[in-house]
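Participant: This is the structure I want to talk about, given as structure tokens.
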Amino acid sequence: MGLVLLTACNKIDLPTYWLCNGNSTQRLMALSGDVQETYHGHDPFMLEIWGNTLYQFVQPALTGKYYQCPHPKSTLGVDPMLHFQMEKCESLGDLSFSRKGALDQSSGKLSIKERRLSGNHIIQTEGTYQCESLGHTFNFAQFNDQKP
Amino acid sequence: MIKNHKISLLKFALIALLIEWPIIVSYFWMMGDFSVPRFNVWPISDWLINYHAGFIRRGLVGELLLRLFGDSSVIRPLYLLVFCSFVIYIACFMWVYLKSKVRNSNLLLAGLLIQGGIFHMGISSDFYTRKENLFLIFFAILCLLYLQIQEAKEDYKAFWIGVFLSSLLLIAPFLVFIHEAYFFMSFPATLLLLWILAKENPSNQFLRPALFLFTLEIVSLFLTCSYYHGDILSGQTIWDALPFADRLFLSPGAPYSSFGALSSLGWGLDQQLTTLYGVFSSGGIFIWLFFLLGNALVLMYMASSISAVNSVNQPTQYIRWIFISIVISLGMFVIGCDWGRWIAYVSNQTVLIMLTLSRSKLMSLKEGNTAFVSVNKICNRFTGLGALGFILIYGLVFQMPECCATYSTIFAPYQGYFRLLTPFL
């Protein structure tokens with residue numbers, strides 16, 4: 001317990017927050033790819049990064065826990081891109097349900113995509129956002145209409 | 001004499017208003033025809049967790065709602081359910097007050113006005129819309145049974161103890177299935193009440209074994225629920241089972257993705273820790289400390305008012321038991337960031353146990369137990385008109401949020417009611 005508290009004093013180990021604004025689109029498609037229904041969302045998106053995991057529980061479309069994974073094409077130490085996905089990095093995952101995203105930490109651009117098989121349909125959700133880094137603190141006033 | 005009569009009448013009118021207004025407001029809000037969600041979509045989604053992906057923690061009420069109303073919409077029946085639970089809680093609270101035979105209108109005023117209490121539940125549509133309101137109702141029923149045991153004749157005591165124990169052992173497990181946080185929120189204080197009952201009735205052969213049985217029952221069910229905590233995929237399956245109209249209503253931008261409490265089913269310990277960190281990093285901790293202190297002062301006022309009547313210059317265990325019931329209920333503060341909910345719950349439960357234990361056959365403090373004599377003395381200092389004035393201002397000006405506090409959200413939302421009146425002005 002003492003170790004945990006001491007570790008918490010080290011700011012590097014504290015969670016960091018990114019607040020993002022943008023749009024999401026969810027499509028219900030037939031297996032052939034024909035779009036049958038489309039829904040748009042404009043809720044804020046907040047990324048909470050702690051260690052190798054990321055959390056998002058403000059935006060309804062893409063809520064959940066993500067794992068930060070090194071991108072195969074990235075160069076160690078110089079790549080500002082932060083790649084993350086719903087499945088653990090080493091796992092092959094459930095091919096019928098995937099969710100992946102990438103945050104450019106220098107420009108603040110975030111893109112995220114979900115694809116899921118549901119019966120005879122494909123659910124596809126995409127979001128593009130412009131984010132700002134909040135550092136180690138945040139304020140609930142920025143998204144208080146979506147609270148746990 | 002006439003002045004005293006007027007003050008009594010004024011107090012009666014104020015108490016009646018503090019009970020009626022929340023009921024009227026919550027009735028029109030929950031039963032009215034409004035297009036917006038009547039309470040936050042996060043707790044709404046918590047009520048809707050069901051067993052469609054197999055047995056899972058918190059799924060009992062959602063499963064019943066889905067089976068009964070799954071063909072159309074489960075949200076409208078949910079509004080009726082939470083409104084009824086609010087009215088039942090008010091009735092139980094008042095019944096406990098009347099049965100406790102504490103006759104002190106200032107104390108009742110404090111109990112109604114405390115942050116997170118009945119008045120604030122009604123004017124904000126917060127707190128009673130959460131599952132723990134069912135825990136409060138059950139705890140109040142146990143308090144009523146305790147009071148019934150206290151006033152029963154010797155021949156009937158065993159019967160009422162039997163009713164108390166059967167209710168406890170048969171109903172409490174369902175509350176764990178409704179929300180596993182029962183283990184942190186209500187179980188400790190309930191166990192204390194049972195322990196006091198066992199101490200007061202040493203000749204009853206069932207009370208001591210019941211302490212062990214009740215603990216075993218709740219701990220094992222809590223561990224079972226923790227094991228079946230769910231994951232992202234089960235959250236999605238549960239969401240998909242809900243009527244499409246409800247999903248679209250709750251999440252119009254993405255009705256095919258699980259959301260809110262359903263998506264949090266897969267959270268691990270690390271995510272819980274980051275939400276607790278959020279209490280500090282968002283600055284909310286200062287707001288919670290303010291309400292913690294405010295509610296502690298209100299509870300001290302109430303405790304000193306009751307203990308002053310019962311102890312005639314003789315320190316009793318009363319304050320000690322109240323203190324213990326609060327301390328053993330504090331575990332809920334580490335399970336999530338909704339500190340307003342926890343403060344409200346522990347305050348309401350403490351008010352109930354205060355009224356209930358006022359009828360206990362109080363035992364004297366053992367000689368040398370100076371710690372609680374000091375606590376008694378500290379509590380007894382917060383009395384009088386000044387304390388009552390603080391309670392009125394604190395209770396009427398501020399409004400404790402459930403969670404995610406910001407400084408703009410700590411005042412009572414009267415502006416919404418004034419807007420209703422503007423067409424007539």
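Identifiers in the structure tokens: chain A, B, ... in order shown; residue index from 1 per chain; ligand index from 1 in order shown.
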Skipping near chain neighbours, those fewer than 4 positions away, what residues fall within 9 Å of region 377-379 of chain B using only C-alpha atoms, listed as a list in words?

Facilitator: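 Residues near the query, excluding close chain neighbours: Leu297, Leu299, Met300, Tyr301, Met302, Ala303, Ser304, Ile319, Phe372, Val373 and Thr383 of chain B.
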
Participant: Based on DSSP run over this structure's backbone, return all residues of chain A in helix (DSSP H, G or I), as an NGL selection string.

Facilitator: :A and (2-9 or 11-13 or 140-142)

Participant: Could you save those same residues with N, CA and C atoms as an mmCIF file, in the first residue's frame?

Facilitator:
data_model
loop_
_atom_site.group_PDB
_atom_site.id
_atom_site.type_symbol
_atom_site.label_atom_id
_atom_site.label_comp_id
_atom_site.auth_asym_id
_atom_site.auth_seq_id
_atom_site.Cartn_x
_atom_site.Cartn_y
_atom_site.Cartn_z
ATOM 1 N N GLY A 2 1.920 1.223 0.876
ATOM 2 C CA GLY A 2 2.844 2.359 0.955
ATOM 3 C C GLY A 2 3.538 2.578 -0.369
ATOM 4 N N LEU A 3 3.889 1.459 -1.017
ATOM 5 C CA LEU A 3 4.565 1.544 -2.318
ATOM 6 C C LEU A 3 3.668 2.218 -3.352
ATOM 7 N N VAL A 4 2.379 1.851 -3.304
ATOM 8 C CA VAL A 4 1.409 2.439 -4.241
ATOM 9 C C VAL A 4 1.336 3.954 -4.036
ATOM 10 N N LEU A 5 1.281 4.368 -2.751
ATOM 11 C CA LEU A 5 1.178 5.801 -2.456
ATOM 12 C C LEU A 5 2.441 6.541 -2.899
ATOM 13 N N LEU A 6 3.611 5.913 -2.664
ATOM 14 C CA LEU A 6 4.857 6.553 -3.076
ATOM 15 C C LEU A 6 4.932 6.671 -4.593
ATOM 16 N N THR A 7 4.474 5.612 -5.279
ATOM 17 C CA THR A 7 4.476 5.629 -6.736
ATOM 18 C C THR A 7 3.578 6.749 -7.245
ATOM 19 N N ALA A 8 2.468 6.970 -6.524
ATOM 20 C CA ALA A 8 1.513 8.001 -6.946
ATOM 21 C C ALA A 8 2.140 9.395 -6.903
ATOM 22 N N CYS A 9 3.199 9.565 -6.078
ATOM 23 C CA CYS A 9 3.851 10.872 -5.998
ATOM 24 C C CYS A 9 4.654 11.174 -7.258
ATOM 25 N N LYS A 11 4.891 11.922 -10.804
ATOM 26 C CA LYS A 11 3.892 12.397 -11.778
ATOM 27 C C LYS A 11 3.872 11.577 -13.063
ATOM 28 N N ILE A 12 5.025 10.980 -13.398
ATOM 29 C CA ILE A 12 5.075 10.203 -14.640
ATOM 30 C C ILE A 12 4.088 9.043 -14.564
ATOM 31 N N ASP A 13 3.871 8.536 -13.348
ATOM 32 C CA ASP A 13 2.988 7.384 -13.190
ATOM 33 C C ASP A 13 1.514 7.755 -13.060
ATOM 34 N N PHE A 140 -14.860 18.188 -14.549
ATOM 35 C CA PHE A 140 -16.119 17.572 -14.996
ATOM 36 C C PHE A 140 -17.023 18.550 -15.734
ATOM 37 N N ALA A 141 -16.798 19.859 -15.574
ATOM 38 C CA ALA A 141 -17.652 20.843 -16.246
ATOM 39 C C ALA A 141 -17.578 20.682 -17.763
ATOM 40 N N GLN A 142 -16.487 20.082 -18.251
ATOM 41 C CA GLN A 142 -16.314 19.971 -19.701
ATOM 42 C C GLN A 142 -17.221 18.911 -20.328
#

Participant: Do you have the CA of Asn23 (chain A)-CA of Phe249 (chain B) distance handy?

Facilitator: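 Answer for the CA of Asn23 (chain A) to CA of Phe249 (chain B) separation: 18.4 Å.
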
Participant: Enumerate, in order of chain and increasing residue number, the residues of chain B with an atom no farther than 6 Å from chain A, each with its shortest atom pair and distance in Å to one decimal, counting only C-alpha atoms, as a Markdown table.

Facilitator:
| residue | atom | partner | partner_atom | distance |
| --- | --- | --- | --- | --- |
| B:Trp42 | CA | A:Pro148 | CA | 5.5 |
| B:Gly253 | CA | A:Gly41 | CA | 4.0 |
| B:Ala254 | CA | A:Ala61 | CA | 5.0 |
| B:Ser257 | CA | A:Ala61 | CA | 5.8 |
| B:Phe259 | CA | A:Pro60 | CA | 5.3 |
| B:Ser281 | CA | A:Thr137 | CA | 4.8 |
| B:Ser282 | CA | A:Asn139 | CA | 5.0 |
| B:Cys404 | CA | A:Phe140 | CA | 5.7 |

Participant: Give me the residues within 10 Å of Leu80 (chain B) as a PyMOL selection string, counting only C-alpha atoms and dropping any in the same chain fewer than 4 places off.

Facilitator: chain B and resi 27+30-31+75-76+84-86

Participant: Counting only C-alpha atoms, what is within 9 Å of Phe55 (chain B), bar same-chain residues fewer than 3 positions away, as a PDB file with C-alpha atoms, in the first residue's frame?

Facilitator:
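So selection_21.pdb came out as:
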ATOM      1  CA  ASN B  50     -30.022  -8.091 -17.275  1.00  0.00           C
ATOM      2  CA  TYR B  51     -29.162 -11.805 -17.489  1.00  0.00           C
ATOM      3  CA  HIS B  52     -29.268 -12.022 -21.279  1.00  0.00           C
ATOM      4  CA  GLY B  59     -28.763  -8.011 -13.269  1.00  0.00           C
ATOM      5  CA  CYS B 225     -21.172 -11.491  -8.003  1.00  0.00           C
ATOM      6  CA  TYR B 228     -19.436 -12.947 -12.526  1.00  0.00           C
ATOM      7  CA  GLY B 230     -18.942  -9.328 -16.776  1.00  0.00           C
TER       8      GLY B 230
END

Participant: With distances taken over only C-alpha atoms, which residue among B:Leu108, B:Phe184, B:Phe164, B:His120 lies nearest Val298 (chain B)?

Facilitator: B:Leu108

Participant: I'd like to know which of B:Arg57, B:Arg247, B:Lys153, B:Lys101 is closest to Leu175 (chain B), using only C-alpha atoms.

Facilitator: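 Comparing B:Arg57, B:Arg247, B:Lys153, B:Lys101 against Leu175 (chain B), the winner is B:Arg57.
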
Participant: Name the residues in contact with Asp46 (chain B) at a cut-off of 8 Å, using only C-alpha atoms, excluding same-chain residues fewer than 5 positions from it; report them as a ChimeraX atom specification.

Facilitator: /B:58,260-262

Participant: Write out the residues from the selection above, keeping C-alpha atoms, as an mmCIF file, in the first residue's frame.

Facilitator:
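The result, stored in out17.cif:
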data_model
loop_
_atom_site.group_PDB
_atom_site.id
_atom_site.type_symbol
_atom_site.label_atom_id
_atom_site.label_comp_id
_atom_site.auth_asym_id
_atom_site.auth_seq_id
_atom_site.Cartn_x
_atom_site.Cartn_y
_atom_site.Cartn_z
ATOM 1 C CA ARG B 58 -26.499 -6.288 -10.740
ATOM 2 C CA GLY B 260 -22.881 3.706 -19.566
ATOM 3 C CA ALA B 261 -23.011 1.202 -16.747
ATOM 4 C CA LEU B 262 -23.288 -1.632 -19.281
#

Participant: Considering only C-alpha atoms, return as a VMD selection string whatever protein or nucleic-acid residues lie within 12 Å of Tyr79 (chain B), sequence-local ones (same chain, fewer than 5 positions apart) excluded.

Facilitator: chain B and resid 26 to 34 37 to 40 43 to 44 47 to 48 65 73 to 74 84 to 86 125 128 to 130

Participant: Just to be explicit: take each residue in the selection above, keep N, CA and C atoms, and write the result as a PDB file, in the first residue's frame.

Facilitator:
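Result file follows (result-v5.pdb):
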ATOM      1  N   SER B  26     -41.378  15.084  -7.898  1.00  0.00           N
ATOM      2  CA  SER B  26     -40.892  13.837  -8.497  1.00  0.00           C
ATOM      3  C   SER B  26     -42.016  13.119  -9.246  1.00  0.00           C
ATOM      4  N   TYR B  27     -43.270  13.261  -8.779  1.00  0.00           N
ATOM      5  CA  TYR B  27     -44.383  12.632  -9.507  1.00  0.00           C
ATOM      6  C   TYR B  27     -44.516  13.247 -10.902  1.00  0.00           C
ATOM      7  N   PHE B  28     -44.582  14.582 -10.954  1.00  0.00           N
ATOM      8  CA  PHE B  28     -44.785  15.232 -12.257  1.00  0.00           C
ATOM      9  C   PHE B  28     -43.578  15.024 -13.170  1.00  0.00           C
ATOM     10  N   TRP B  29     -42.385  14.936 -12.570  1.00  0.00           N
ATOM     11  CA  TRP B  29     -41.191  14.759 -13.393  1.00  0.00           C
ATOM     12  C   TRP B  29     -41.110  13.332 -13.939  1.00  0.00           C
ATOM     13  N   MET B  30     -41.332  12.339 -13.075  1.00  0.00           N
ATOM     14  CA  MET B  30     -41.187  10.945 -13.509  1.00  0.00           C
ATOM     15  C   MET B  30     -42.378  10.463 -14.351  1.00  0.00           C
ATOM     16  N   MET B  31     -43.561  10.962 -14.045  1.00  0.00           N
ATOM     17  CA  MET B  31     -44.757  10.478 -14.742  1.00  0.00           C
ATOM     18  C   MET B  31     -45.179  11.381 -15.898  1.00  0.00           C
ATOM     19  N   GLY B  32     -44.531  12.522 -16.042  1.00  0.00           N
ATOM     20  CA  GLY B  32     -44.917  13.459 -17.087  1.00  0.00           C
ATOM     21  C   GLY B  32     -44.480  13.009 -18.469  1.00  0.00           C
ATOM     22  N   ASP B  33     -44.878  13.779 -19.470  1.00  0.00           N
ATOM     23  CA  ASP B  33     -44.589  13.418 -20.854  1.00  0.00           C
ATOM     24  C   ASP B  33     -43.478  14.332 -21.381  1.00  0.00           C
ATOM     25  N   PHE B  34     -42.261  14.043 -20.996  1.00  0.00           N
ATOM     26  CA  PHE B  34     -41.124  14.858 -21.425  1.00  0.00           C
ATOM     27  C   PHE B  34     -40.244  14.022 -22.355  1.00  0.00           C
ATOM     28  N   PRO B  37     -34.415  12.338 -20.945  1.00  0.00           N
ATOM     29  CA  PRO B  37     -34.314  11.345 -19.860  1.00  0.00           C
ATOM     30  C   PRO B  37     -34.583  11.998 -18.505  1.00  0.00           C
ATOM     31  N   ARG B  38     -35.360  11.342 -17.648  1.00  0.00           N
ATOM     32  CA  ARG B  38     -35.756  11.939 -16.351  1.00  0.00           C
ATOM     33  C   ARG B  38     -34.629  11.919 -15.334  1.00  0.00           C
ATOM     34  N   PHE B  39     -33.676  11.044 -15.530  1.00  0.00           N
ATOM     35  CA  PHE B  39     -32.465  11.117 -14.715  1.00  0.00           C
ATOM     36  C   PHE B  39     -31.301  10.671 -15.579  1.00  0.00           C
ATOM     37  N   ASN B  40     -30.120  10.818 -15.031  1.00  0.00           N
ATOM     38  CA  ASN B  40     -28.914  10.622 -15.836  1.00  0.00           C
ATOM     39  C   ASN B  40     -28.907   9.259 -16.536  1.00  0.00           C
ATOM     40  N   PRO B  43     -27.113   6.061 -14.580  1.00  0.00           N
ATOM     41  CA  PRO B  43     -27.907   5.198 -13.678  1.00  0.00           C
ATOM     42  C   PRO B  43     -29.063   4.496 -14.369  1.00  0.00           C
ATOM     43  N   ILE B  44     -29.638   5.120 -15.408  1.00  0.00           N
ATOM     44  CA  ILE B  44     -30.712   4.411 -16.139  1.00  0.00           C
ATOM     45  C   ILE B  44     -30.141   3.105 -16.695  1.00  0.00           C
ATOM     46  N   TRP B  47     -29.748   0.299 -14.179  1.00  0.00           N
ATOM     47  CA  TRP B  47     -30.986  -0.446 -13.866  1.00  0.00           C
ATOM     48  C   TRP B  47     -31.282  -1.499 -14.944  1.00  0.00           C
ATOM     49  N   LEU B  48     -30.770  -1.269 -16.177  1.00  0.00           N
ATOM     50  CA  LEU B  48     -31.168  -2.119 -17.299  1.00  0.00           C
ATOM     51  C   LEU B  48     -30.272  -3.349 -17.492  1.00  0.00           C
ATOM     52  N   LEU B  65     -37.477  -6.386 -15.455  1.00  0.00           N
ATOM     53  CA  LEU B  65     -38.048  -5.348 -16.324  1.00  0.00           C
ATOM     54  C   LEU B  65     -38.122  -5.843 -17.771  1.00  0.00           C
ATOM     55  N   SER B  73     -41.116  -0.892 -24.057  1.00  0.00           N
ATOM     56  CA  SER B  73     -40.044  -0.063 -23.510  1.00  0.00           C
ATOM     57  C   SER B  73     -39.897  -0.377 -22.033  1.00  0.00           C
ATOM     58  N   VAL B  74     -38.672  -0.529 -21.577  1.00  0.00           N
ATOM     59  CA  VAL B  74     -38.483  -0.786 -20.143  1.00  0.00           C
ATOM     60  C   VAL B  74     -38.206   0.505 -19.380  1.00  0.00           C
ATOM     61  N   CYS B  84     -42.068   5.142  -7.238  1.00  0.00           N
ATOM     62  CA  CYS B  84     -42.705   4.386  -6.151  1.00  0.00           C
ATOM     63  C   CYS B  84     -41.707   4.114  -5.033  1.00  0.00           C
ATOM     64  N   SER B  85     -40.466   3.796  -5.412  1.00  0.00           N
ATOM     65  CA  SER B  85     -39.471   3.499  -4.374  1.00  0.00           C
ATOM     66  C   SER B  85     -39.203   4.747  -3.528  1.00  0.00           C
ATOM     67  N   PHE B  86     -39.295   5.918  -4.155  1.00  0.00           N
ATOM     68  CA  PHE B  86     -39.093   7.171  -3.405  1.00  0.00           C
ATOM     69  C   PHE B  86     -40.214   7.365  -2.379  1.00  0.00           C
ATOM     70  N   SER B 125     -34.060  15.027  -8.382  1.00  0.00           N
ATOM     71  CA  SER B 125     -34.189  13.706  -9.026  1.00  0.00           C
ATOM     72  C   SER B 125     -32.893  12.918  -8.944  1.00  0.00           C
ATOM     73  N   TYR B 128     -32.537   8.980  -5.102  1.00  0.00           N
ATOM     74  CA  TYR B 128     -33.586   7.955  -5.037  1.00  0.00           C
ATOM     75  C   TYR B 128     -33.692   7.200  -6.354  1.00  0.00           C
ATOM     76  N   THR B 129     -33.076   7.738  -7.398  1.00  0.00           N
ATOM     77  CA  THR B 129     -33.109   7.068  -8.695  1.00  0.00           C
ATOM     78  C   THR B 129     -32.035   5.992  -8.800  1.00  0.00           C
ATOM     79  N   ARG B 130     -31.273   5.813  -7.740  1.00  0.00           N
ATOM     80  CA  ARG B 130     -30.223   4.794  -7.735  1.00  0.00           C
ATOM     81  C   ARG B 130     -30.727   3.539  -7.023  1.00  0.00           C
TER      82      ARG B 130
END

Participant: Tell me which protein, DNA and RNA residues are within 12 Å of Glu217 (chain B), counting only C-alpha atoms, leaving out same-chain ones fewer than 3 positions away, and put them as number ranges by chain.

Facilitator: B: 168-176, 183, 187, 191, 210-214, 220-224

Participant: Please identify the strand (DSSP E or B) residues within chain A (assignment by DSSP from backbone atoms) and present them as number ranges by chain.

Facilitator: A: 16-30, 35-41, 45-50, 53-56, 64-68, 81-85, 97-104, 109-118, 121-135

Participant: For the selection you just gave me, I'd like the residues written to a file as a short mmCIF file (atom, residue, chain, number, x, y, z; two decimals), in the first residue's frame, keeping C-alpha atoms.

Facilitator:
data_model
loop_
_atom_site.label_atom_id
_atom_site.label_comp_id
_atom_site.auth_asym_id
_atom_site.auth_seq_id
_atom_site.Cartn_x
_atom_site.Cartn_y
_atom_site.Cartn_z
CA THR A 16 -2.98 11.81 -18.29
CA TYR A 17 -6.12 13.13 -19.97
CA TRP A 18 -7.02 14.21 -23.49
CA LEU A 19 -10.31 15.98 -24.18
CA CYS A 20 -11.54 15.62 -27.75
CA ASN A 21 -14.33 17.19 -29.80
CA GLY A 22 -15.63 15.89 -33.08
CA ASN A 23 -18.19 13.60 -34.63
CA SER A 24 -18.97 9.93 -34.68
CA THR A 25 -20.99 7.98 -37.21
CA GLN A 26 -22.55 4.59 -36.71
CA ARG A 27 -23.80 2.56 -39.66
CA LEU A 28 -25.86 -0.58 -39.80
CA MET A 29 -24.92 -2.43 -42.97
CA ALA A 30 -25.99 -5.62 -44.67
CA VAL A 35 -25.89 0.91 -45.58
CA GLN A 36 -29.35 0.52 -43.98
CA GLU A 37 -29.24 2.95 -41.05
CA THR A 38 -26.94 5.83 -40.08
CA TYR A 39 -26.62 7.69 -36.76
CA HIS A 40 -24.48 10.69 -35.89
CA GLY A 41 -23.08 11.72 -32.51
CA PHE A 45 -14.62 12.14 -26.06
CA MET A 46 -12.19 11.87 -23.16
CA LEU A 47 -9.17 9.63 -23.21
CA GLU A 48 -7.62 8.68 -19.91
CA ILE A 49 -4.18 7.15 -20.33
CA TRP A 50 -2.63 5.23 -17.47
CA THR A 53 -4.11 1.21 -20.93
CA LEU A 54 -6.56 3.85 -22.13
CA TYR A 55 -10.12 4.44 -20.96
CA GLN A 56 -13.00 6.30 -22.52
CA GLY A 64 -14.45 1.11 -23.01
CA LYS A 65 -10.96 0.04 -22.11
CA TYR A 66 -8.20 -0.03 -24.71
CA TYR A 67 -4.66 -1.38 -24.75
CA GLN A 68 -1.81 0.73 -26.08
CA MET A 81 1.32 8.31 -32.85
CA LEU A 82 -0.33 6.40 -30.02
CA HIS A 83 -2.04 3.27 -31.33
CA PHE A 84 -4.63 1.47 -29.22
CA GLN A 85 -7.15 -1.32 -29.54
CA PHE A 97 -15.66 -7.48 -32.98
CA SER A 98 -12.72 -5.10 -33.29
CA ARG A 99 -12.15 -1.54 -32.19
CA LYS A 100 -8.94 0.35 -32.99
CA GLY A 101 -7.78 3.93 -32.77
CA ALA A 102 -4.78 6.21 -33.15
CA LEU A 103 -3.97 9.52 -31.47
CA ASP A 104 -1.41 11.86 -32.99
CA LYS A 109 -5.88 14.34 -34.21
CA LEU A 110 -7.70 11.19 -33.13
CA SER A 111 -9.37 8.61 -35.29
CA ILE A 112 -11.13 5.50 -34.05
CA LYS A 113 -13.02 2.74 -35.79
CA GLU A 114 -15.22 -0.14 -34.63
CA ARG A 115 -16.47 -3.05 -36.71
CA ARG A 116 -18.76 -5.72 -35.32
CA LEU A 117 -20.77 -8.58 -36.77
CA SER A 118 -24.31 -8.79 -35.41
CA HIS A 121 -25.51 -7.19 -40.17
CA ILE A 122 -22.28 -5.33 -39.76
CA ILE A 123 -22.14 -2.48 -37.26
CA GLN A 124 -19.50 0.04 -38.19
CA THR A 125 -18.68 3.06 -36.04
CA GLU A 126 -16.13 5.72 -36.90
CA GLY A 127 -15.07 8.83 -35.08
CA THR A 128 -12.70 11.67 -35.90
CA TYR A 129 -11.78 14.19 -33.23
CA GLN A 130 -9.50 17.10 -32.44
CA CYS A 131 -8.01 16.67 -28.98
CA GLU A 132 -6.17 18.79 -26.47
CA SER A 133 -3.94 17.45 -23.74
CA LEU A 134 -5.18 18.29 -20.23
CA GLY A 135 -2.12 16.91 -18.45
#
